[in-house]
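Data file: protein_27.txt. Format and content: compact mmCIF, C-alpha atoms.
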```
# COMPACT_ATOMS: atom_id res chain seq x y z
CA MET Y 10 -87.45 79.46 100.63
CA ILE Y 11 -89.73 82.26 101.86
CA ASP Y 12 -89.24 84.15 105.13
CA ASN Y 13 -92.13 84.32 107.61
CA HIS Y 14 -90.51 86.39 110.36
CA GLU Y 15 -92.57 89.43 111.34
CA TYR Y 16 -89.85 91.68 109.88
CA ALA Y 17 -90.47 90.02 106.52
CA TRP Y 18 -94.21 90.70 106.38
CA PRO Y 19 -95.86 90.82 103.98
CA PRO Y 20 -94.05 88.33 101.73
CA SER Y 21 -94.05 88.91 97.99
CA GLY Y 22 -95.14 86.52 95.28
CA ILE Y 23 -96.24 83.69 97.55
CA ASP Y 24 -99.89 84.39 96.79
CA GLU Y 25 -99.11 83.23 93.22
CA ALA Y 26 -97.48 79.92 94.17
CA PHE Y 27 -99.42 76.80 93.19
CA LEU Y 28 -97.99 74.77 96.09
CA VAL Y 29 -96.56 75.86 99.45
CA VAL Y 30 -95.09 73.73 102.25
CA GLU Y 31 -94.96 75.51 105.61
CA ALA Y 32 -92.94 74.06 108.51
CA PRO Y 33 -91.26 75.33 111.69
CA VAL Y 34 -87.64 76.42 111.92
CA GLU Y 35 -85.87 78.04 114.89
CA ALA Y 36 -88.14 79.12 117.77
CA GLY Y 37 -91.00 77.37 116.02
CA ILE Y 38 -91.44 80.28 113.60
CA SER Y 39 -92.49 78.90 110.25
CA ARG Y 40 -90.72 79.18 106.92
CA MET Y 41 -92.31 78.41 103.57
CA LEU Y 42 -91.21 76.51 100.48
CA ALA Y 43 -93.13 77.98 97.55
CA PHE Y 44 -93.38 76.31 94.13
CA PHE Y 45 -93.95 78.17 90.86
CA TYR Y 46 -94.33 76.87 87.34
CA GLU Y 47 -92.19 77.99 84.40
CA GLY Y 48 -94.92 79.95 82.65
CA GLN Y 49 -95.47 82.39 85.51
CA GLU Y 50 -94.23 85.99 85.42
CA ILE Y 51 -93.67 87.35 88.93
CA GLU Y 52 -91.63 90.49 89.48
CA LYS Y 53 -90.82 89.97 93.17
CA ILE Y 54 -90.55 86.79 95.26
CA GLY Y 55 -89.33 86.78 98.83
CA PRO Y 56 -87.81 87.58 101.17
CA VAL Y 57 -85.68 84.55 100.30
CA ARG Y 58 -84.16 82.79 103.32
CA SER Y 59 -81.80 79.96 104.17
CA ALA Y 60 -82.01 76.21 103.64
CA ARG Y 61 -82.96 73.51 106.12
CA PRO Y 62 -82.53 69.74 105.50
CA TYR Y 63 -86.19 68.72 105.58
CA TYR Y 64 -87.20 71.20 102.89
CA LEU Y 65 -84.83 69.41 100.51
CA ASP Y 66 -87.00 66.28 100.66
CA TRP Y 67 -90.13 68.22 99.71
CA ASN Y 68 -88.25 70.12 97.01
CA ASN Y 69 -86.61 67.06 95.47
CA GLU Y 70 -89.82 65.10 95.09
CA LEU Y 71 -90.62 67.59 92.31
CA ASP Y 72 -87.02 67.96 91.04
CA ALA Y 73 -87.52 71.68 91.62
CA LEU Y 74 -84.91 74.44 91.58
CA TYR Y 75 -84.16 74.92 95.29
CA THR Y 76 -83.64 78.67 95.72
CA HIS Y 77 -82.21 79.92 99.02
CA VAL Y 78 -79.70 82.18 100.79
CA GLY Y 79 -77.13 79.96 102.49
CA GLY Y 80 -78.38 77.48 105.06
CA SER Y 81 -77.62 75.35 108.07
CA ASN Y 82 -74.48 73.21 107.91
CA ALA Y 83 -76.59 70.06 107.70
CA ALA Y 84 -78.61 71.41 104.77
CA LEU Y 85 -75.54 72.63 102.87
CA ASP Y 86 -73.79 69.29 103.40
CA LEU Y 87 -76.81 67.45 101.98
CA ILE Y 88 -76.92 69.77 98.99
CA ALA Y 89 -73.19 69.26 98.34
CA SER Y 90 -73.45 65.49 98.52
CA GLY Y 91 -76.89 64.96 96.98
CA SER Y 92 -78.81 65.57 93.79
CA THR Y 93 -80.61 68.80 94.70
CA PHE Y 94 -80.97 71.24 91.79
CA ASP Y 95 -79.47 74.05 93.83
CA PHE Y 96 -79.60 77.85 93.50
CA ASN Y 97 -77.74 79.44 96.42
CA GLN Y 98 -77.58 83.25 96.55
CA TYR Y 99 -74.15 82.98 98.19
CA TRP Y 100 -72.66 81.75 94.87
CA TRP Y 101 -75.06 83.31 92.37
CA GLY Y 102 -75.74 86.69 93.93
CA SER Y 103 -76.10 88.59 90.66
CA TYR Y 104 -79.51 86.99 90.11
CA PHE Y 105 -80.85 88.35 93.41
CA TRP Y 106 -81.28 91.82 94.89
CA ARG Y 107 -81.70 93.38 98.33
CA SER Y 108 -84.54 95.75 99.10
CA ASN Y 109 -83.71 99.07 100.79
CA ASP Y 110 -86.94 99.21 102.79
CA ARG Y 111 -85.96 96.27 105.03
CA PHE Y 112 -82.80 95.12 106.77
CA ALA Y 113 -80.85 91.89 106.39
CA PRO Y 114 -81.52 89.03 106.46
CA HIS Y 115 -85.14 89.85 105.60
CA ASN Y 116 -84.55 91.75 102.36
CA VAL Y 117 -83.36 89.36 99.62
CA TYR Y 118 -85.60 88.96 96.57
CA ILE Y 119 -85.71 87.32 93.17
CA ASP Y 120 -88.08 87.18 90.18
CA THR Y 121 -89.20 84.47 87.79
CA ASP Y 122 -87.09 85.86 84.93
CA SER Y 123 -83.98 85.21 87.03
CA LEU Y 124 -85.18 81.74 88.02
CA ILE Y 125 -85.73 80.83 84.37
CA ALA Y 126 -82.41 82.35 83.27
CA PHE Y 127 -80.50 80.38 85.88
CA SER Y 128 -82.35 77.16 85.01
CA GLU Y 129 -81.50 77.59 81.35
CA LEU Y 130 -77.86 78.29 82.22
CA ARG Y 131 -77.59 75.08 84.21
CA GLU Y 132 -79.43 73.10 81.55
CA GLU Y 133 -76.90 74.29 78.97
CA SER Y 134 -74.13 73.19 81.35
CA GLY Y 135 -75.71 69.73 81.63
CA VAL Y 136 -76.25 69.86 85.38
CA ALA Y 137 -80.01 70.39 85.52
CA PRO Y 138 -81.98 67.26 86.44
CA GLU Y 139 -84.58 65.66 84.23
CA ARG Y 140 -87.88 66.31 85.94
CA LEU Y 141 -89.44 62.95 86.76
CA TYR Y 142 -92.08 63.17 89.45
CA GLY Y 143 -95.32 61.49 90.40
CA LEU Y 144 -98.60 63.29 89.83
CA TRP Y 145 -101.38 63.84 92.33
CA SER Y 146 -104.99 63.02 91.57
CA PHE Y 147 -107.15 66.09 90.98
CA LYS Y 148 -110.85 66.83 90.88
CA GLU Y 149 -113.09 69.77 90.19
CA PRO Y 150 -113.95 71.84 93.30
CA ALA Y 151 -117.32 71.11 94.86
CA PRO Y 152 -117.85 73.96 97.36
CA THR Y 153 -120.37 73.55 100.15
CA LYS Y 154 -121.99 75.84 102.68
CA VAL Y 155 -120.32 73.87 105.46
CA SER Y 156 -117.48 75.78 107.11
CA SER Y 157 -114.18 74.21 108.20
CA ASN Y 158 -111.49 76.44 109.66
CA LEU Y 159 -107.93 75.62 110.75
CA HIS Y 160 -105.90 77.29 113.49
CA ILE Y 161 -102.16 76.58 113.90
CA ASP Y 162 -99.96 77.75 116.78
CA PHE Y 163 -96.52 77.82 115.19
CA TYR Y 164 -95.22 80.27 117.80
CA ALA Y 165 -98.21 81.80 119.52
CA PRO Y 166 -99.56 84.36 119.54
CA LEU Y 167 -97.66 86.35 116.91
CA TYR Y 168 -97.02 83.47 114.52
CA SER Y 169 -100.36 81.74 114.85
CA VAL Y 170 -102.06 81.07 111.52
CA ASP Y 171 -105.75 80.83 110.69
CA TRP Y 172 -107.24 79.41 107.51
CA GLU Y 173 -110.90 80.40 107.18
CA TYR Y 174 -113.24 78.85 104.64
CA ASN Y 175 -115.21 81.26 102.48
CA SER Y 176 -118.36 79.47 101.36
CA GLN Y 177 -118.99 82.14 98.71
CA THR Y 178 -115.74 81.46 96.88
CA GLY Y 179 -115.16 77.88 98.00
CA ARG Y 180 -111.60 78.80 98.99
CA TYR Y 181 -109.61 79.15 102.22
CA GLU Y 182 -108.26 82.55 103.25
CA ARG Y 183 -105.11 82.95 105.32
CA TRP Y 184 -105.01 85.22 108.37
CA GLN Y 185 -102.22 85.80 110.84
CA PHE Y 186 -102.15 87.66 114.17
CA ASP Y 187 -105.83 88.68 113.96
CA SER Y 188 -105.29 90.72 110.82
CA PRO Y 189 -104.93 90.01 107.10
CA TYR Y 190 -101.67 88.24 106.45
CA VAL Y 191 -101.08 90.57 103.53
CA THR Y 192 -101.55 94.32 103.29
CA ASP Y 193 -104.47 96.01 101.56
CA GLU Y 194 -102.21 96.71 98.59
CA ALA Y 195 -101.33 93.03 98.11
CA VAL Y 196 -103.36 90.04 96.99
CA ARG Y 197 -104.85 88.01 99.81
CA ILE Y 198 -103.40 84.52 100.19
CA GLU Y 199 -106.01 81.91 99.29
CA ALA Y 200 -105.93 78.17 98.75
CA ASP Y 201 -108.19 75.45 97.38
CA ASN Y 202 -106.76 72.69 99.59
CA ILE Y 203 -105.12 72.77 103.01
CA ALA Y 204 -103.29 69.59 104.03
CA VAL Y 205 -101.98 69.03 107.55
CA VAL Y 206 -99.03 66.70 108.14
CA VAL Y 207 -98.55 65.62 111.76
CA THR Y 208 -95.03 64.26 112.15
CA ASP Y 209 -92.04 63.93 114.48
CA VAL Y 210 -90.27 67.21 115.16
CA SER Y 211 -87.34 67.57 117.56
CA ILE Y 212 -84.94 70.36 118.55
CA ILE Y 213 -81.38 69.32 117.72
CA ASP Y 214 -79.09 72.16 118.86
CA TYR Y 215 -78.76 75.21 121.08
CA VAL Y 216 -79.84 77.48 118.22
CA GLY Y 217 -83.19 75.72 118.14
CA ARG Y 218 -82.89 74.10 114.73
CA ARG Y 219 -85.40 71.34 114.07
CA ASP Y 220 -85.18 67.80 112.76
CA ILE Y 221 -88.43 66.90 110.98
CA ARG Y 222 -89.37 63.42 109.77
CA THR Y 223 -90.44 63.79 106.16
CA THR Y 224 -90.73 60.15 105.09
CA GLY Y 225 -92.82 57.18 106.16
CA GLU Y 226 -96.42 57.66 107.23
CA GLY Y 227 -98.44 59.60 109.76
CA ASP Y 228 -101.76 61.13 110.64
CA GLY Y 229 -103.10 64.20 108.94
CA TYR Y 230 -106.03 66.10 107.55
CA VAL Y 231 -107.14 67.54 104.24
CA LEU Y 232 -109.48 70.52 104.24
CA GLN Y 233 -111.30 71.19 100.99
CA ASP Y 234 -114.76 72.35 99.91
CA GLY Y 235 -115.56 73.22 103.53
CA GLN Y 236 -115.06 69.60 104.58
CA VAL Y 237 -112.46 68.00 106.87
CA ILE Y 238 -111.04 64.64 105.80
CA GLU Y 239 -108.99 62.55 108.22
CA VAL Y 240 -106.11 61.08 106.24
CA THR Y 241 -102.87 59.18 106.41
CA TRP Y 242 -99.96 60.97 104.77
CA SER Y 243 -97.34 58.86 103.02
CA LYS Y 244 -93.94 59.65 101.53
CA PRO Y 245 -91.99 56.41 100.92
CA SER Y 246 -88.66 58.12 100.25
CA ALA Y 247 -87.08 61.56 100.00
CA THR Y 248 -87.61 61.71 96.24
CA GLU Y 249 -91.16 60.33 96.10
CA ARG Y 250 -94.28 62.49 96.28
CA LEU Y 251 -96.02 63.22 99.54
CA ARG Y 252 -99.57 61.85 99.20
CA PHE Y 253 -102.71 61.64 101.29
CA TYR Y 254 -104.95 58.60 101.69
CA VAL Y 255 -108.23 57.49 103.21
CA GLY Y 256 -107.64 53.80 103.62
CA GLU Y 257 -105.98 52.74 100.37
CA GLU Y 258 -107.63 55.44 98.25
CA GLU Y 259 -105.66 58.56 97.47
CA VAL Y 260 -107.42 61.84 98.20
CA ALA Y 261 -108.02 63.85 95.03
CA MET Y 262 -107.06 67.49 95.42
CA ASN Y 263 -109.05 70.40 94.07
CA ALA Y 264 -107.46 71.81 90.96
CA GLY Y 265 -105.81 75.03 92.11
CA VAL Y 266 -103.61 76.04 95.04
CA THR Y 267 -102.53 73.71 97.84
CA TRP Y 268 -100.83 74.60 101.13
CA ILE Y 269 -99.26 71.84 103.24
CA GLU Y 270 -98.93 72.65 106.94
CA VAL Y 271 -96.34 70.55 108.82
CA VAL Y 272 -96.85 70.40 112.60
CA PRO Y 273 -95.25 68.46 115.51
CA SER Y 274 -98.51 67.30 117.09
CA GLU Y 275 -102.25 67.76 117.08
CA ASP Y 276 -101.87 69.87 120.21
CA VAL Y 277 -100.86 72.89 118.09
CA ILE Y 278 -103.86 72.78 115.75
CA GLU Y 279 -107.59 73.34 116.06
CA ILE Y 280 -110.06 72.38 113.36
CA GLU Y 281 -113.65 73.53 113.58
```
In structure tokens, how does this file's structure come out?
Amino acid sequence: MIDNHEYAWPPSGIDEAFLVVEAPVEAGISRMLAFFYEGQEIEKIGPVRSARPYYLDWNNELDALYTHVGGSNAALDLIASGSTFDFNQYWWGSYFWRSNDRFAPHNVYIDTDSLIAFSELREESGVAPERLYGLWSFKEPAPTKVSSNLHIDFYAPLYSVDWEYNSQTGRYERWQFDSPYVTDEAVRIEADNIAVVVTDVSIIDYVGRRDIRTTGEGDGYVLQDGQVIEVTWSKPSATERLRFYVGEEEVAMNAGVTWIEVVPSEDVIEIE
């Protein structure tokens, strides 16, 4: 779970994730679930933040190690009663560290060595799940000179996000608040596919926590190669893969990096 509060900018390691799901939490500010594969070596990932129930469904469709710092009562109850492969900093704090250049709760970090060490520990204890997950269809990128850009108002104007297509590279570049999302010293966040999931989002308490429908079907878009594809997203159950279709045909993703943007309505997005 990666923080996206302004006090957490720029995040570390997320530019190396192969898949990211971004969705709103309190106040509509987004938080990001970043996926890494076992062969990666990343020295700093974070800031790591707390769990929310809907992220569990996206995590569990890949049987991934869900890494977080505490969470809402609803999320922690689901973790305690479900089959999530869980890694909570509250109970395993020695694997994490806090940075001195930021203040809590925006300063908790981890690295891939710690993620692997914890996974191996749990595998030896017999509590790690067998990874059984459906695969997406992939294709080779076919970049065009056509430009498709995406604007998202998560919590405008500070937390608005822009994805701009670069026809020279055939990739999408992420910008936030009219400036690069990452500093000059960091690697710019880029993606080969941007998928938009339009779904039901409601506020459920006085804190502003959200309930987000993760399963079933809904409208959406896939941006790739400079093109915009109107799609239907489908996730039959919490443990099955989120997929994107045109009619009955699944959309093949470009091999590379995919970001999934989860929004409450088409009113908060602009595609041009």
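Using all atoms listed in the file, the smallest distance between any of Y:Ser211, Y:Asn202, Y:Thr224, Y:Ser92 and Val260 (chain Y) comes from Y:Asn202.
Distance check against Leu85 (chain Y) using only C-alpha atoms: of Y:Ala73, Y:Ala32, Y:Ala60, Y:Met10, the minimum falls on Y:Ala60.
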Excluding region 156-161 of chain Y and residues on its chain fewer than 6 positions from it, collect all residues at most 9 Å away from it, counting all atoms listed in the file, and give them as a ChimeraX atom specification. /Y:168-176,181,203,232-237,270,272,277-281
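One finds CA of Val266 (chain Y) at 25.4 Å from CA of His115 (chain Y).
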Restricting the calculation to only C-alpha atoms, which member of Y:Pro114, Y:Gly227, Y:Pro138, Y:Pro166 is positioned closest to Gly37 (chain Y)? Y:Pro166
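Here CA of Arg219 (chain Y) stands at a distance of 22.7 Å from CA of Pro20 (chain Y).
Restricting the calculation to all atoms listed in the file, the smallest distance between Ile51 (chain Y) and any of Y:Ser243, Y:Thr121, Y:Asn116, Y:Ser90 is found for Y:Thr121.
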So, counting only C-alpha atoms, which residue among Y:Pro152, Y:Gly135, Y:Gly55, Y:Pro33 is closest to Ser21 (chain Y)? Y:Gly55
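CA of Glu50 (chain Y) is positioned 23.4 Å from CA of Glu70 (chain Y).
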Show me, as an MDAnalysis selection string, the residues that have an atom within 12 Å of Ala83 (chain Y) when counting all atoms listed in the file, minus same-chain residues fewer than 6 positions from it. chainID Y and resid 59:65 89:91 213:214 218:220
Residue neighbourhood Asp122 (chain Y), 10 Å, only C-alpha atoms, exclusion window fewer than 5 positions, as a VMD selection string: chain Y and resid 47 49 to 53 104 127 to 128
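When all atoms listed in the file are used to compute distances to Ile38 (chain Y), the closest of the residues Y:Thr153, Y:Thr267, Y:Asn13, Y:Ser134 turns out to be Y:Asn13.
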Would you kindly identify which residues have an atom no farther than 12 Å from (-74.3, 85.4, 94.2), using all atoms listed in the file and the file's own coordinates, and write them out as a compact mmCIF listing (two decimals) with C-alpha atoms, in the frame of the given file?
```
# COMPACT_ATOMS: atom_id res chain seq x y z
CA THR Y 76 -83.64 78.67 95.72
CA HIS Y 77 -82.21 79.92 99.02
CA VAL Y 78 -79.70 82.18 100.79
CA GLY Y 79 -77.13 79.96 102.49
CA PHE Y 96 -79.60 77.85 93.50
CA ASN Y 97 -77.74 79.44 96.42
CA GLN Y 98 -77.58 83.25 96.55
CA TYR Y 99 -74.15 82.98 98.19
CA TRP Y 100 -72.66 81.75 94.87
CA TRP Y 101 -75.06 83.31 92.37
CA GLY Y 102 -75.74 86.69 93.93
CA SER Y 103 -76.10 88.59 90.66
CA TYR Y 104 -79.51 86.99 90.11
CA PHE Y 105 -80.85 88.35 93.41
CA TRP Y 106 -81.28 91.82 94.89
CA ARG Y 107 -81.70 93.38 98.33
CA VAL Y 117 -83.36 89.36 99.62
CA ILE Y 119 -85.71 87.32 93.17
CA PHE Y 127 -80.50 80.38 85.88
```
Report, as AutoDock Vina command-line options, the centre and edge lengths in Å (one decimal) of the axis-aligned box enclosing every listed atom of region 139-147 of chain Y, padded by 5 Å on each side.
```
--center_x -95.9 --center_y 63.9 --center_z 88.3 --size_x 32.6 --size_y 14.8 --size_z 18.1
```
List the neighbours of Ala261 (chain Y) out to 8 Å using only C-alpha atoms; skip same-chain residues closer than 4 positions along the sequence, and give me the result as JSON, numbers by chain. {"Y": [145, 146, 147, 148]}
Write a file of the just-selected residues containing C-alpha atoms, as a compact mmCIF listing (two decimals), in the frame of the given file.
```txt
# COMPACT_ATOMS: atom_id res chain seq x y z
CA TRP Y 145 -101.38 63.84 92.33
CA SER Y 146 -104.99 63.02 91.57
CA PHE Y 147 -107.15 66.09 90.98
CA LYS Y 148 -110.85 66.83 90.88
```
Give me, as a list of chain:residue names, all polymer residues having an atom no more than 7 Å from Glu239 (chain Y), counting all atoms listed in the file and skipping those fewer than 2 positions away in the same chain. Y:Gly229, Y:Tyr230, Y:Val231, Y:Val237
With C-alpha atoms retained, export the selected residues as a PDB file, in the coordinates of the input.
```pdb
ATOM      1  CA  GLY Y 229    -103.100  64.200 108.940  1.00  0.00           C
ATOM      2  CA  TYR Y 230    -106.030  66.100 107.550  1.00  0.00           C
ATOM      3  CA  VAL Y 231    -107.140  67.540 104.240  1.00  0.00           C
ATOM      4  CA  VAL Y 237    -112.460  68.000 106.870  1.00  0.00           C
TER       5      VAL Y 237
END
```
Just give me the residues with any atom within 10 Å of (-92.6, 63.6, 85.9), file coordinates, counting all atoms listed in the file, written as an MDAnalysis selection string. chainID Y and resid 70:72 139:144
